[in-house]
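Asker: What follows is target_23.txt, compact mmCIF, C-alpha atoms.
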# COMPACT_ATOMS: atom_id res chain seq x y z
CA MET A 816 26.45 43.91 12.32
CA ASP A 817 29.90 42.45 12.84
CA ALA A 818 29.43 39.15 11.02
CA ILE A 819 27.05 38.21 8.24
CA THR A 820 24.12 35.92 9.00
CA LYS A 821 24.87 32.27 8.32
CA ASN A 822 22.30 31.93 5.55
CA SER A 823 23.77 34.77 3.45
CA TYR A 824 25.28 32.31 1.02
CA GLN A 825 22.16 30.16 0.89
CA LYS A 826 19.74 32.92 -0.16
CA PHE A 827 18.92 33.42 -3.80
CA LEU A 828 17.42 36.41 -5.58
CA PHE A 829 14.25 34.49 -6.40
CA ASP A 830 13.68 33.91 -2.67
CA PHE A 831 12.69 37.59 -2.43
CA ILE A 832 10.07 37.52 -5.20
CA ARG A 833 7.93 35.25 -3.06
CA PHE A 834 7.16 38.30 -0.88
CA ASP A 835 5.13 41.34 -1.97
CA ILE A 836 7.22 43.47 -4.37
CA LEU A 837 7.07 47.25 -4.03
CA VAL A 838 6.74 49.09 -7.35
CA SER A 839 5.87 52.48 -8.75
CA CYS A 840 2.21 52.49 -9.82
CA PRO A 841 1.84 52.81 -13.62
CA ALA A 842 -1.23 55.02 -13.14
CA CYS A 843 -0.28 57.47 -10.36
CA SER A 844 3.48 56.84 -9.75
CA LYS A 845 2.92 56.24 -6.02
CA LYS A 846 3.85 53.06 -4.15
CA ALA A 847 2.00 49.98 -5.36
CA VAL A 848 2.41 46.29 -4.54
CA VAL A 849 2.92 43.30 -6.81
CA LYS A 850 1.45 40.27 -5.05
CA PRO A 851 3.16 37.12 -6.35
CA GLY A 852 0.60 34.68 -4.97
CA ASN A 853 2.13 31.22 -4.58
CA PHE A 854 4.67 31.80 -7.33
CA GLU A 855 6.99 28.91 -8.19
CA PHE A 856 9.15 28.63 -11.30
CA GLY A 857 7.63 26.07 -13.63
CA ASN A 858 4.21 26.55 -12.05
CA LEU A 859 3.16 30.05 -13.04
CA GLU A 860 -0.45 30.68 -12.04
CA GLU A 861 -0.92 34.04 -13.77
CA SER A 862 -4.29 34.79 -12.21
CA ASP A 863 -2.70 34.73 -8.72
CA ILE A 864 -0.10 37.39 -9.58
CA LYS A 865 -1.44 40.95 -9.45
CA VAL A 866 -0.43 44.57 -8.98
CA ILE A 867 -2.48 46.75 -6.63
CA CYS A 868 -2.23 50.45 -5.81
CA SER A 869 -4.01 51.57 -2.65
CA HIS A 870 -3.65 55.23 -3.68
CA CYS A 871 -5.52 55.26 -7.01
CA GLY A 872 -7.15 51.84 -7.04
CA TYR A 873 -5.10 50.47 -9.95
CA ASN A 874 -5.53 46.69 -9.97
CA LYS A 875 -4.39 44.27 -12.66
CA LYS A 876 -3.77 40.52 -12.84
CA LEU A 877 -0.83 39.15 -14.78
CA SER A 878 -3.29 37.06 -16.77
CA ASP A 879 -4.88 40.33 -18.04
CA GLN A 880 -1.57 41.50 -19.51
CA ALA A 881 -0.55 40.37 -22.98
CA ALA A 882 2.48 38.08 -23.12
CA ALA A 883 5.51 39.20 -25.10
CA ASP A 884 6.43 37.84 -28.50
CA VAL A 885 9.75 36.08 -28.17
CA HIS A 886 11.78 34.54 -30.95
CA THR A 887 13.16 31.10 -30.19
CA PRO A 888 16.58 29.90 -31.36
CA HIS A 889 14.77 28.27 -34.29
CA LYS A 890 13.49 31.72 -35.32
CA LYS A 891 9.88 30.78 -34.73
CA ALA A 892 7.77 33.33 -32.92
CA ASP A 893 6.48 32.23 -29.55
CA THR A 894 4.18 34.06 -27.19
CA THR A 895 5.48 33.58 -23.69
CA ARG A 896 5.58 35.22 -20.30
CA GLN A 897 8.95 36.79 -19.50
CA ILE A 898 10.04 36.64 -15.84
CA VAL A 899 12.91 39.12 -15.47
CA LEU A 900 15.22 38.83 -12.46
CA GLY A 901 18.17 41.01 -11.53
CA ASP A 902 17.11 44.47 -12.66
CA ALA A 903 15.38 47.48 -11.09
CA ILE A 904 11.98 46.27 -12.34
CA ASP A 905 9.57 43.76 -10.90
CA PRO A 906 9.91 40.31 -12.52
CA PHE A 907 6.28 39.98 -13.65
CA PHE A 908 4.83 43.30 -14.86
CA HIS A 909 8.26 44.91 -15.46
CA LEU A 910 7.28 48.01 -13.46
CA PRO A 911 10.01 50.19 -11.87
CA LEU A 912 10.82 49.17 -8.32
CA TRP A 913 9.84 51.55 -5.54
CA LEU A 914 12.98 50.77 -3.55
CA GLN A 915 15.70 52.12 -5.80
CA THR A 916 18.23 54.92 -5.67
CA ASP A 917 21.29 56.05 -7.58
CA PHE A 918 24.76 55.34 -6.30
CA GLU A 919 27.54 56.79 -8.44
CA LYS A 920 26.96 55.28 -11.90
CA TYR A 921 24.89 52.37 -10.56
CA THR A 922 21.31 51.81 -9.47
CA PHE A 923 20.90 50.30 -6.02
CA TRP A 924 17.57 48.46 -5.74
CA ALA A 925 15.60 45.93 -3.72
CA TYR A 926 12.33 44.12 -4.37
CA ASN A 927 10.92 44.61 -0.88
CA VAL A 928 11.83 45.29 2.75
CA GLU A 929 12.96 41.69 3.26
CA HIS A 930 15.41 42.07 0.36
CA LEU A 931 16.53 45.46 1.70
CA ASP A 932 17.12 43.95 5.16
CA PHE A 933 19.22 41.19 3.60
CA LEU A 934 21.31 43.75 1.70
CA GLN A 935 21.71 45.87 4.81
CA ASP A 936 22.98 42.88 6.80
CA HIS A 937 25.34 41.76 4.05
CA ILE A 938 26.72 45.21 3.22
CA GLY A 939 27.02 46.15 6.90
CA ALA A 940 28.90 43.00 7.84
CA LYS A 941 32.57 43.61 8.52
CA LEU A 942 33.27 39.90 8.17
CA ARG A 943 31.62 37.72 5.54
CA GLU A 944 32.47 34.11 6.22
CA ARG A 945 30.77 31.06 4.85
CA ASN A 946 31.31 29.26 8.20
CA GLY A 947 31.76 25.86 6.63
CA GLN A 948 28.77 26.27 4.35
CA ALA A 949 28.80 24.69 0.94
CA ILE A 950 29.83 27.11 -1.77
CA TYR A 951 26.77 28.31 -3.64
CA ASN A 952 28.13 30.54 -6.37
CA ARG A 953 24.61 31.42 -7.48
CA SER A 954 23.66 32.59 -4.01
CA LEU A 955 22.86 36.27 -3.62
CA GLY A 956 25.69 36.80 -1.15
CA SER A 957 28.25 35.55 -3.68
CA ARG A 958 26.77 37.38 -6.68
CA LEU A 959 26.56 40.95 -5.37
CA PRO A 960 28.72 43.37 -7.37
CA LYS A 961 32.02 44.56 -5.93
CA TRP A 962 30.84 48.19 -5.65
CA MET A 963 28.10 46.98 -3.33
CA THR A 964 30.33 44.89 -1.06
CA SER A 965 33.30 47.25 -1.02
CA LYS A 966 34.35 48.50 2.40
CA GLN A 967 34.77 52.03 0.97
CA ASN A 968 31.09 52.19 -0.03
CA ARG A 969 29.65 50.62 3.15
CA ALA A 970 28.72 53.79 5.06
CA VAL A 971 27.12 55.55 2.08
CA LEU A 972 25.15 52.47 1.02
CA LEU A 973 23.89 51.89 4.56
CA LYS A 974 22.64 55.49 4.65
CA LYS A 975 20.91 54.98 1.30
CA ILE A 976 19.27 51.81 2.63
CA GLU A 977 17.93 53.73 5.64
CA ALA A 978 16.58 56.41 3.29
CA LEU A 979 14.84 53.74 1.20
CA LYS A 980 13.27 52.25 4.33
CA ASP A 981 11.83 55.68 5.14
CA LYS A 982 10.49 56.21 1.61
Now, as a test, write the supplied structure out as structure tokens.
Answerer:
Amino acid sequence: MDAITKNSYQKFLFDFIRFDILVSCPACSKKAVVKPGNFEFGNLEESDIKVICSHCGYNKKLSDQAAADVHTPHKKADTTRQIVLGDAIDPFFHLPLWLQTDFEKYTFWAYNVEHLDFLQDHIGAKLRERNGQAIYNRSLGSRLPKWMTSKQNRAVLLKKIEALKDK
């Protein structure tokens, strides 16, 4: 892990919600899976998105869950589906992520093993160059917080990632 992979600055957070997302089951608190189907922004097929727990049999489609009431800028109530990115919850059902742990005053989290592998590669890299790549400021590699990319935290975070992989 001397240098970061060349696509580090071309990956976006939403790239990882196209894979199965590991969550804590709302019924039994064991590991469950949110299956995003063929999710694409702007083309939300709610009946394809579901959460399944192989431990207790919990199974629910996003279309079965009531949408949230959201107030628009014009103060009119609107019932809409809220997709939440960038927190320790899954974007669809808003369930706590299975792959999360505390680090100092922060929560370190990942949606799935693919996301965890990306973070491990990025955090473990001793050299993070863009190698002539276009600057994508919204890319995941450029948006990670300083505490996560700090050299001083590298060893501890890599150990936490290994512990999450074994969870």
Asker: Within 6 Å of segment 924-934 of chain A, counting all atoms listed in the file, which residues show up once you throw out same-chain ones fewer than 5 positions away? Write them as a PyMOL selection string, please.
Answerer: chain A and resi 831+836-837+903+914-915
Asker: Show me, as a ChimeraX atom specification, the residues that have an atom within 8 Å of Cys843 of chain A when counting all atoms listed in the file, minus same-chain residues fewer than 3 positions from it.
Answerer: /A:840,870-871
Asker: What is the atom CA of Lys865 of chain A-atom CA of Pro851 of chain A distance in Å, reported with one decimal?
Answerer: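 These atoms are spaced 6.7 Å apart.
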Asker: Closest to Pro841 of chain A among A:Arg969, A:Arg958, A:Lys975, A:Lys875, using all atoms listed in the file?
Answerer: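 Smallest separation from Pro841 of chain A among the options: A:Lys875.
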Asker: What is the distance, in Å and to one decimal place, between atom CA of Asp863 of chain A and atom CA of Lys850 of chain A?
Answerer: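 Taking atom CA of Asp863 of chain A as the start and atom CA of Lys850 of chain A as the end point, the length is 7.8 Å.
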Asker: To one decimal place, how far is atom CA of Ile867 of chain A from atom CA of Lys846 of chain A in Å?
Answerer: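 We find that atom CA of Ile867 of chain A and atom CA of Lys846 of chain A lie 9.3 Å from each other.
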Asker: Give me the residues near Phe854 of chain A as a PDB file with C-alpha atoms, keeping the file's coordinate frame, where near means some atom within 9 Å (using only C-alpha atoms) and where sequence neighbours in that chain fewer than 6 positions away do not count.
Answerer:
ATOM      1  CA  ILE A 832      10.070  37.520  -5.200  1.00  0.00           C
ATOM      2  CA  ARG A 833       7.930  35.250  -3.060  1.00  0.00           C
ATOM      3  CA  GLU A 860      -0.450  30.680 -12.040  1.00  0.00           C
ATOM      4  CA  GLU A 861      -0.920  34.040 -13.770  1.00  0.00           C
ATOM      5  CA  ASP A 863      -2.700  34.730  -8.720  1.00  0.00           C
ATOM      6  CA  ILE A 864      -0.100  37.390  -9.580  1.00  0.00           C
TER       7      ILE A 864
END
Asker: Using only C-alpha atoms, which protein or nucleic acid residues come within 8 Å of Ser862 of chain A? Drop anything in the same chain fewer than 3 positions from it, and give the result as a PDB file with C-alpha atoms, keeping the file's coordinate frame.
Answerer:
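result26.pdb, written as the output of this step:
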ATOM      1  CA  LYS A 865      -1.440  40.950  -9.450  1.00  0.00           C
ATOM      2  CA  LYS A 876      -3.770  40.520 -12.840  1.00  0.00           C
ATOM      3  CA  LEU A 877      -0.830  39.150 -14.780  1.00  0.00           C
ATOM      4  CA  SER A 878      -3.290  37.060 -16.770  1.00  0.00           C
TER       5      SER A 878
END
Asker: Find, counting all atoms listed in the file, the residue in A:Thr916, A:Asn874, A:Ser844, A:Gln897 that gets nearest to Val971 of chain A.
Answerer: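 Selected residue with least distance to Val971 of chain A: A:Thr916.
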Asker: Compile the contact shell of His909 of chain A as JSON, numbers by chain: residues with an atom at most 8 Å away, counting all atoms listed in the file, same-chain residues fewer than 4 positions apart removed.
Answerer: {"A": [899, 904, 905]}
Asker: Assuming the input is short of atoms at segment 917-934 of chain A, produce N, CA and C atoms for that part as an mmCIF file, keeping the file's coordinate frame.
Answerer:
data_model
loop_
_atom_site.group_PDB
_atom_site.id
_atom_site.type_symbol
_atom_site.label_atom_id
_atom_site.label_comp_id
_atom_site.auth_asym_id
_atom_site.auth_seq_id
_atom_site.Cartn_x
_atom_site.Cartn_y
_atom_site.Cartn_z
ATOM 1 N N ASP A 917 20.029 55.998 -6.847
ATOM 2 C CA ASP A 917 21.290 56.050 -7.580
ATOM 3 C C ASP A 917 22.459 56.011 -6.609
ATOM 4 N N PHE A 918 23.506 55.332 -7.032
ATOM 5 C CA PHE A 918 24.760 55.340 -6.300
ATOM 6 C C PHE A 918 25.875 55.395 -7.343
ATOM 7 N N GLU A 919 26.531 56.529 -7.418
ATOM 8 C CA GLU A 919 27.540 56.790 -8.440
ATOM 9 C C GLU A 919 26.930 56.487 -9.805
ATOM 10 N N LYS A 920 27.513 55.581 -10.567
ATOM 11 C CA LYS A 920 26.960 55.280 -11.900
ATOM 12 C C LYS A 920 26.053 54.050 -11.887
ATOM 13 N N TYR A 921 25.688 53.586 -10.708
ATOM 14 C CA TYR A 921 24.890 52.370 -10.560
ATOM 15 C C TYR A 921 23.505 52.689 -9.993
ATOM 16 N N THR A 922 22.615 51.727 -10.128
ATOM 17 C CA THR A 922 21.310 51.810 -9.470
ATOM 18 C C THR A 922 21.287 50.752 -8.381
ATOM 19 N N PHE A 923 21.034 51.200 -7.165
ATOM 20 C CA PHE A 923 20.900 50.300 -6.020
ATOM 21 C C PHE A 923 19.402 50.045 -5.855
ATOM 22 N N TRP A 924 18.992 48.780 -5.799
ATOM 23 C CA TRP A 924 17.570 48.460 -5.740
ATOM 24 C C TRP A 924 17.318 47.235 -4.883
ATOM 25 N N ALA A 925 16.058 47.104 -4.461
ATOM 26 C CA ALA A 925 15.600 45.930 -3.720
ATOM 27 C C ALA A 925 14.134 45.703 -4.072
ATOM 28 N N TYR A 926 13.720 44.458 -4.065
ATOM 29 C CA TYR A 926 12.330 44.120 -4.370
ATOM 30 C C TYR A 926 11.357 44.523 -3.261
ATOM 31 N N ASN A 927 11.817 44.397 -2.023
ATOM 32 C CA ASN A 927 10.920 44.610 -0.880
ATOM 33 C C ASN A 927 11.766 44.836 0.368
ATOM 34 N N VAL A 928 11.118 45.026 1.496
ATOM 35 C CA VAL A 928 11.830 45.290 2.750
ATOM 36 C C VAL A 928 12.670 44.086 3.166
ATOM 37 N N GLU A 929 12.186 42.887 2.920
ATOM 38 C CA GLU A 929 12.960 41.690 3.260
ATOM 39 C C GLU A 929 14.277 41.659 2.475
ATOM 40 N N HIS A 930 14.215 42.006 1.202
ATOM 41 C CA HIS A 930 15.410 42.070 0.360
ATOM 42 C C HIS A 930 16.336 43.189 0.847
ATOM 43 N N LEU A 931 15.751 44.318 1.197
ATOM 44 C CA LEU A 931 16.530 45.460 1.700
ATOM 45 C C LEU A 931 17.224 45.105 3.018
ATOM 46 N N ASP A 932 16.514 44.395 3.905
ATOM 47 C CA ASP A 932 17.120 43.950 5.160
ATOM 48 C C ASP A 932 18.299 43.018 4.916
ATOM 49 N N PHE A 933 18.134 42.102 3.957
ATOM 50 C CA PHE A 933 19.220 41.190 3.600
ATOM 51 C C PHE A 933 20.440 41.981 3.125
ATOM 52 N N LEU A 934 20.207 42.934 2.219
ATOM 53 C CA LEU A 934 21.310 43.750 1.700
ATOM 54 C C LEU A 934 21.969 44.560 2.795
#
